[in-house]
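Below is the file run_3.txt, which contains compact mmCIF, C-alpha atoms.
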```txt
# COMPACT_ATOMS: atom_id res chain seq x y z
CA LYS K 1185 0.00 0.00 0.00
CA GLN K 1186 1.37 3.36 -1.04
CA GLU K 1187 2.05 5.78 1.79
CA VAL K 1188 2.95 9.40 1.26
CA THR K 1189 4.61 11.54 3.91
CA GLN K 1190 5.27 15.26 3.86
CA ILE K 1191 7.80 17.15 5.94
CA PRO K 1192 7.53 19.60 7.56
CA ALA K 1193 3.89 19.64 8.62
CA ALA K 1194 4.05 23.41 8.97
CA LEU K 1195 6.49 26.08 7.91
CA SER K 1196 6.62 29.81 8.54
CA VAL K 1197 9.06 31.99 6.63
CA PRO K 1198 9.63 35.68 5.98
CA GLU K 1199 8.71 37.07 2.59
CA GLY K 1200 11.36 36.68 -0.06
CA GLU K 1201 12.87 33.51 1.32
CA ASN K 1202 13.46 30.46 -0.84
CA LEU K 1203 12.05 27.26 0.62
CA VAL K 1204 11.82 23.53 0.04
CA LEU K 1205 8.94 21.23 0.84
CA ASN K 1206 9.58 17.52 1.05
CA CYS K 1207 7.49 14.53 0.04
CA SER K 1208 8.37 10.86 0.33
CA PHE K 1209 6.53 7.81 -0.91
CA THR K 1210 6.95 4.14 -0.11
CA ASP K 1211 6.17 2.50 -3.46
CA SER K 1212 8.52 3.64 -6.23
CA ALA K 1213 6.30 2.16 -8.94
CA ILE K 1214 4.47 5.39 -9.45
CA TYR K 1215 2.82 6.62 -12.62
CA ASN K 1216 3.37 10.24 -11.73
CA LEU K 1217 3.63 12.58 -8.77
CA GLN K 1218 1.65 15.76 -8.40
CA TRP K 1219 1.86 18.84 -6.23
CA PHE K 1220 -1.28 20.74 -5.30
CA ARG K 1221 -2.13 23.87 -3.41
CA GLN K 1222 -5.12 23.98 -1.09
CA ASP K 1223 -6.48 27.18 0.39
CA PRO K 1224 -8.55 26.95 3.61
CA GLY K 1225 -11.94 25.32 3.03
CA LYS K 1226 -11.41 25.20 -0.70
CA GLY K 1227 -10.55 22.78 -3.43
CA LEU K 1228 -7.22 21.89 -4.89
CA THR K 1229 -5.22 23.73 -7.49
CA SER K 1230 -2.80 21.63 -9.47
CA LEU K 1231 0.68 23.13 -9.44
CA LEU K 1232 3.00 20.66 -11.08
CA LEU K 1233 2.84 17.12 -12.39
CA ILE K 1234 5.96 15.04 -12.85
CA GLN K 1235 5.72 11.91 -14.94
CA SER K 1236 7.63 8.89 -13.68
CA SER K 1237 10.13 9.27 -16.53
CA GLN K 1238 10.90 12.89 -15.64
CA ARG K 1239 13.26 14.33 -13.06
CA GLU K 1240 11.74 17.76 -12.60
CA GLN K 1241 9.14 20.25 -13.70
CA THR K 1242 9.16 24.03 -13.45
CA SER K 1243 6.41 26.61 -13.46
CA GLY K 1244 7.30 30.18 -12.66
CA ARG K 1245 8.79 30.33 -9.18
CA LEU K 1246 8.01 26.68 -8.55
CA ASN K 1247 10.27 23.75 -9.27
CA ALA K 1248 9.44 20.17 -8.41
CA SER K 1249 11.91 17.31 -8.55
CA LEU K 1250 11.37 13.58 -8.50
CA ASP K 1251 13.75 10.81 -7.46
CA LYS K 1252 11.90 7.54 -7.84
CA SER K 1253 14.76 5.39 -6.61
CA SER K 1254 14.81 7.11 -3.25
CA GLY K 1255 11.07 7.67 -3.14
CA ARG K 1256 11.33 11.41 -2.79
CA SER K 1257 10.05 14.59 -4.35
CA THR K 1258 10.71 18.19 -3.43
CA LEU K 1259 8.88 21.38 -4.21
CA TYR K 1260 11.10 24.43 -4.34
CA ILE K 1261 9.49 27.85 -4.06
CA ALA K 1262 11.67 30.79 -4.95
CA ALA K 1263 11.26 34.28 -3.56
CA SER K 1264 8.23 33.41 -1.46
CA GLN K 1265 5.34 35.85 -1.21
CA PRO K 1266 2.47 36.20 1.29
CA GLY K 1267 0.13 35.00 -1.44
CA ASP K 1268 1.94 31.68 -1.40
CA SER K 1269 0.51 30.97 2.04
CA ALA K 1270 -1.55 27.80 1.75
CA THR K 1271 -1.34 24.07 2.36
CA TYR K 1272 0.75 22.22 -0.19
CA LEU K 1273 -0.11 18.61 -0.91
CA CYS K 1274 1.81 16.03 -2.84
CA ALA K 1275 0.09 13.00 -4.28
CA ALA K 1276 1.44 9.84 -5.84
CA VAL K 1277 -0.38 8.04 -8.62
CA ILE K 1278 0.20 4.33 -9.08
CA SER K 1279 -2.51 3.57 -11.58
CA GLY K 1280 -5.22 5.42 -13.40
CA SER K 1281 -6.06 8.60 -11.59
CA ARG K 1282 -6.22 7.22 -8.07
CA LEU K 1283 -4.18 9.58 -5.95
CA THR K 1284 -2.60 8.88 -2.58
CA PHE K 1285 -2.11 12.17 -0.80
CA GLY K 1286 0.32 13.22 1.86
CA GLU K 1287 -0.97 15.14 4.86
CA GLY K 1288 0.33 18.40 3.52
CA THR K 1289 2.66 21.19 4.56
CA GLN K 1290 0.97 24.32 5.85
CA LEU K 1291 3.03 27.25 4.62
CA THR K 1292 2.81 30.75 6.03
CA VAL K 1293 4.78 33.53 4.37
CA ASN K 1294 5.00 36.57 6.60
CA PRO K 1295 5.17 40.06 5.05
CA GLY H 496 -8.81 25.33 -18.02
CA ALA H 497 -11.54 22.83 -17.31
CA VAL H 498 -13.94 23.60 -14.48
CA VAL H 499 -15.51 21.26 -11.98
CA SER H 500 -18.41 22.74 -10.06
CA GLN H 501 -19.28 21.29 -6.68
CA HIS H 502 -22.37 22.22 -4.68
CA PRO H 503 -23.16 23.03 -2.00
CA SER H 504 -19.97 24.53 -0.65
CA ARG H 505 -21.19 24.25 2.90
CA VAL H 506 -24.03 22.37 4.54
CA ILE H 507 -25.17 22.03 8.12
CA CYS H 508 -27.70 19.33 8.90
CA LYS H 509 -29.26 17.50 11.78
CA SER H 510 -28.19 14.00 12.69
CA GLY H 511 -30.20 11.38 10.81
CA THR H 512 -30.84 13.42 7.70
CA SER H 513 -29.43 12.77 4.26
CA VAL H 514 -27.29 15.21 2.33
CA LYS H 515 -26.65 15.24 -1.40
CA ILE H 516 -23.52 16.77 -2.91
CA GLU H 517 -23.27 17.44 -6.63
CA CYS H 518 -20.19 17.45 -8.79
CA ARG H 519 -20.45 18.73 -12.35
CA SER H 520 -17.88 19.03 -15.10
CA LEU H 521 -18.91 22.24 -16.80
CA ASP H 522 -17.07 22.24 -20.09
CA PHE H 523 -15.93 18.69 -20.60
CA GLN H 524 -17.13 15.13 -20.29
CA ALA H 525 -15.49 13.36 -17.41
CA THR H 526 -14.36 9.81 -18.00
CA THR H 527 -14.24 9.11 -14.32
CA MET H 528 -15.10 10.97 -11.17
CA PHE H 529 -13.57 10.51 -7.75
CA TRP H 530 -14.83 11.37 -4.29
CA TYR H 531 -12.46 12.22 -1.45
CA ARG H 532 -12.95 12.99 2.22
CA GLN H 533 -10.68 15.12 4.37
CA PHE H 534 -10.86 15.31 8.14
CA PRO H 535 -9.27 18.31 9.87
CA LYS H 536 -5.49 18.33 9.64
CA GLN H 537 -5.51 15.04 7.78
CA SER H 538 -4.87 14.06 4.21
CA LEU H 539 -7.48 13.60 1.51
CA MET H 540 -8.61 10.02 1.45
CA LEU H 541 -10.17 8.47 -1.63
CA MET H 542 -13.66 7.19 -0.90
CA ALA H 543 -14.82 5.90 -4.24
CA THR H 544 -14.31 5.94 -7.98
CA SER H 545 -17.25 6.21 -10.32
CA ASN H 546 -17.68 5.78 -14.04
CA GLU H 547 -20.74 6.95 -15.91
CA GLY H 548 -23.44 4.32 -16.06
CA SER H 549 -21.79 1.82 -13.77
CA LYS H 550 -21.63 1.16 -10.06
CA ALA H 551 -19.05 3.01 -8.06
CA THR H 552 -15.99 1.25 -6.73
CA TYR H 553 -15.55 1.95 -3.04
CA GLU H 554 -12.31 1.96 -1.10
CA GLN H 555 -11.84 -0.42 1.78
CA GLY H 556 -13.64 0.75 4.87
CA VAL H 557 -16.09 3.04 3.07
CA GLU H 558 -19.70 1.96 3.48
CA LYS H 559 -21.38 1.91 0.10
CA ASP H 560 -24.86 1.91 1.63
CA LYS H 561 -24.07 5.04 3.59
CA PHE H 562 -22.30 6.96 0.86
CA LEU H 563 -24.42 6.56 -2.23
CA ILE H 564 -22.81 7.59 -5.47
CA ASN H 565 -24.76 8.17 -8.65
CA HIS H 566 -22.99 8.89 -11.90
CA ALA H 567 -25.88 9.18 -14.34
CA SER H 568 -24.12 11.23 -17.01
CA LEU H 569 -20.64 12.14 -18.19
CA THR H 570 -20.95 15.54 -16.56
CA LEU H 571 -22.64 14.82 -13.23
CA SER H 572 -21.87 12.69 -10.22
CA THR H 573 -23.64 12.92 -6.88
CA LEU H 574 -22.64 11.75 -3.41
CA THR H 575 -25.43 11.24 -0.91
CA VAL H 576 -24.53 10.86 2.73
CA THR H 577 -27.44 8.91 4.13
CA SER H 578 -28.52 9.17 7.75
CA ALA H 579 -25.65 11.49 8.51
CA HIS H 580 -24.09 11.46 11.96
CA PRO H 581 -21.62 13.86 13.60
CA GLU H 582 -18.71 11.57 12.73
CA ASP H 583 -19.53 12.13 9.05
CA SER H 584 -18.67 15.80 9.46
CA SER H 585 -15.84 16.37 7.06
CA PHE H 586 -14.69 18.14 3.93
CA TYR H 587 -15.82 16.25 0.82
CA ILE H 588 -14.26 16.97 -2.53
CA CYS H 589 -14.74 15.53 -5.97
CA SER H 590 -12.46 15.34 -8.94
CA ALA H 591 -13.04 14.55 -12.58
CA SER H 592 -10.63 13.05 -15.03
CA VAL H 593 -10.43 13.66 -18.73
CA PHE H 594 -8.02 12.59 -21.39
CA GLY H 595 -6.35 15.50 -23.13
CA GLY H 596 -4.02 14.42 -25.89
CA TRP H 597 -1.89 11.62 -24.51
CA GLU H 598 -2.32 12.28 -20.86
CA GLU H 599 -5.09 12.07 -18.32
CA LYS H 600 -5.79 15.23 -16.35
CA LEU H 601 -7.56 15.73 -13.08
CA PHE H 602 -9.66 18.69 -12.06
CA PHE H 603 -11.00 19.22 -8.59
CA GLY H 604 -14.18 20.76 -7.31
CA SER H 605 -14.05 23.42 -4.62
CA GLY H 606 -15.25 21.02 -1.93
CA THR H 607 -18.18 20.75 0.45
CA GLN H 608 -17.83 21.28 4.18
CA LEU H 609 -20.40 19.06 5.90
CA SER H 610 -21.27 19.68 9.52
CA VAL H 611 -23.68 17.26 11.18
CA LEU H 612 -25.19 18.47 14.45
```
Show this structure as structure tokens.
Amino acid sequence: KQEVTQIPAALSVPEGENLVLNCSFTDSAIYNLQWFRQDPGKGLTSLLLIQSSQREQTSGRLNASLDKSSGRSTLYIAASQPGDSATYLCAAVISGSRLTFGEGTQLTVNP
Amino acid sequence: GAVVSQHPSRVICKSGTSVKIECRSLDFQATTMFWYRQFPKQSLMLMATSNEGSKATYEQGVEKDKFLINHASLTLSTLTVTSAHPEDSSFYICSASVFGGWEEKLFFGSGTQLSVL
């Protein structure tokens, strides 16, 4: 059974700081790995999707890496802004579109 | 991008009543729809997978008679929480998948916060 763990559970940083969120998964036979953003009481916004054959994906200030052999993915956020404050979820996909989510990292960027 | 509309966004009900949550894909036909549940400070947990016109597939530990899923069309899936109890209070969210080109994409609804008194 796939298990996904995210560290840290919460993170508070000053505006402008670069930061890294970590995600680990137990079953390396993943189809892809996705990072989402969730704002309080709201749905999910897809940020980045990394196929199993890829090593990283970039979108603006966000960069996600994937190391299947070690069962790890990181989300790097450059020059953080208060608007980045949210919960960030990673999810591993083994088959189809069934996602196994981590518990998330709650990020607070202080002005 | 594609939009998934989920209603209601928030519902408060008395214990023993049933609550229906709708999930609609507004500008595309969803191959499959998924229902997740999220308790406070916990991860989203997949409850069931539904395909249009067929019975939903429930995850282990999810009671199919309590959480009724109807997927009557390619654009609408409903989750009915029957005889709701306080322990069913949770954040419910749906997602819809569609094939775009060579890859399958997922789009999420905005979620429904259910509070059972």
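For chain K, the residues no farther than 9 Å from chain H when using all atoms listed in the file are Gly1225, Lys1226, Gly1227, Leu1228, Thr1229, Ser1230, Leu1273, Gly1280, Ser1281, Arg1282, Leu1283, Thr1284, Phe1285, Gly1286, Glu1287 and Gly1288 of chain K.
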Write out, as a compact mmCIF listing (two decimals), in the frame of the given file, the residues just selected, with C-alpha atoms.
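Okay, this is what ended up in part_37.txt:
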```txt
# COMPACT_ATOMS: atom_id res chain seq x y z
CA GLY K 1225 -11.94 25.32 3.03
CA LYS K 1226 -11.41 25.20 -0.70
CA GLY K 1227 -10.55 22.78 -3.43
CA LEU K 1228 -7.22 21.89 -4.89
CA THR K 1229 -5.22 23.73 -7.49
CA SER K 1230 -2.80 21.63 -9.47
CA LEU K 1273 -0.11 18.61 -0.91
CA GLY K 1280 -5.22 5.42 -13.40
CA SER K 1281 -6.06 8.60 -11.59
CA ARG K 1282 -6.22 7.22 -8.07
CA LEU K 1283 -4.18 9.58 -5.95
CA THR K 1284 -2.60 8.88 -2.58
CA PHE K 1285 -2.11 12.17 -0.80
CA GLY K 1286 0.32 13.22 1.86
CA GLU K 1287 -0.97 15.14 4.86
CA GLY K 1288 0.33 18.40 3.52
```
- [ ] Find the distance between atom CA of Pro1198 of chain K and atom CA of Val1293 of chain K and write it in Å to one decimal.
- [x]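 About the pair atom CA of Pro1198 of chain K and atom CA of Val1293 of chain K: they are 5.5 Å apart.
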- [ ] Considering all atoms listed in the file, state which residue in the set K:Leu1205, K:Ala1213, K:Leu1291, K:Ala1276 is at the smallest distance from Asn1247 of chain K.
- [x]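 For Asn1247 of chain K, the nearest of the given residues is K:Leu1205.
If you measure from each of K:Leu1195, K:Leu1233, K:Ala1270, K:Leu1250 to Ser1212 of chain K using only C-alpha atoms, the closest one turns out to be K:Leu1250.
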TODO: State, in Å with one decimal place, the distance from atom CA of Ser1253 of chain K to atom CA of Thr1289 of chain K.
DONE: 22.8 Å
Open item on the list: Using all atoms listed in the file - which residues lie no farther than 10 Å from the point (-14.9, 2.7, -0.5) in the file's frame? Write them as JSON, numbers by chain.
Closed with: {"H": [530, 531, 540, 541, 542, 543, 544, 551, 552, 553, 554, 555, 556, 557, 558, 559, 562]}
TODO: Please determine the residues with any atom at most 6 Å from (12.4, 33.2, -6.8) (coordinates as given in the file, with all atoms listed in the file counting) and report them as a PyMOL selection string.
DONE: chain K and resi 1245+1262-1263
Quick one: what's the axis-aligned box for segment 1189-1192 of chain K, all listed atoms, 4 Å on every side, centre and edges in Å to one decimal, as AutoDock Vina command-line options?
```
--center_x 6.2 --center_y 15.6 --center_z 5.7 --size_x 11.2 --size_y 16.1 --size_z 11.7
```
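What separates atom CA of Arg1239 of chain K from atom CA of Asn1206 of chain K is a distance of 14.9 Å.
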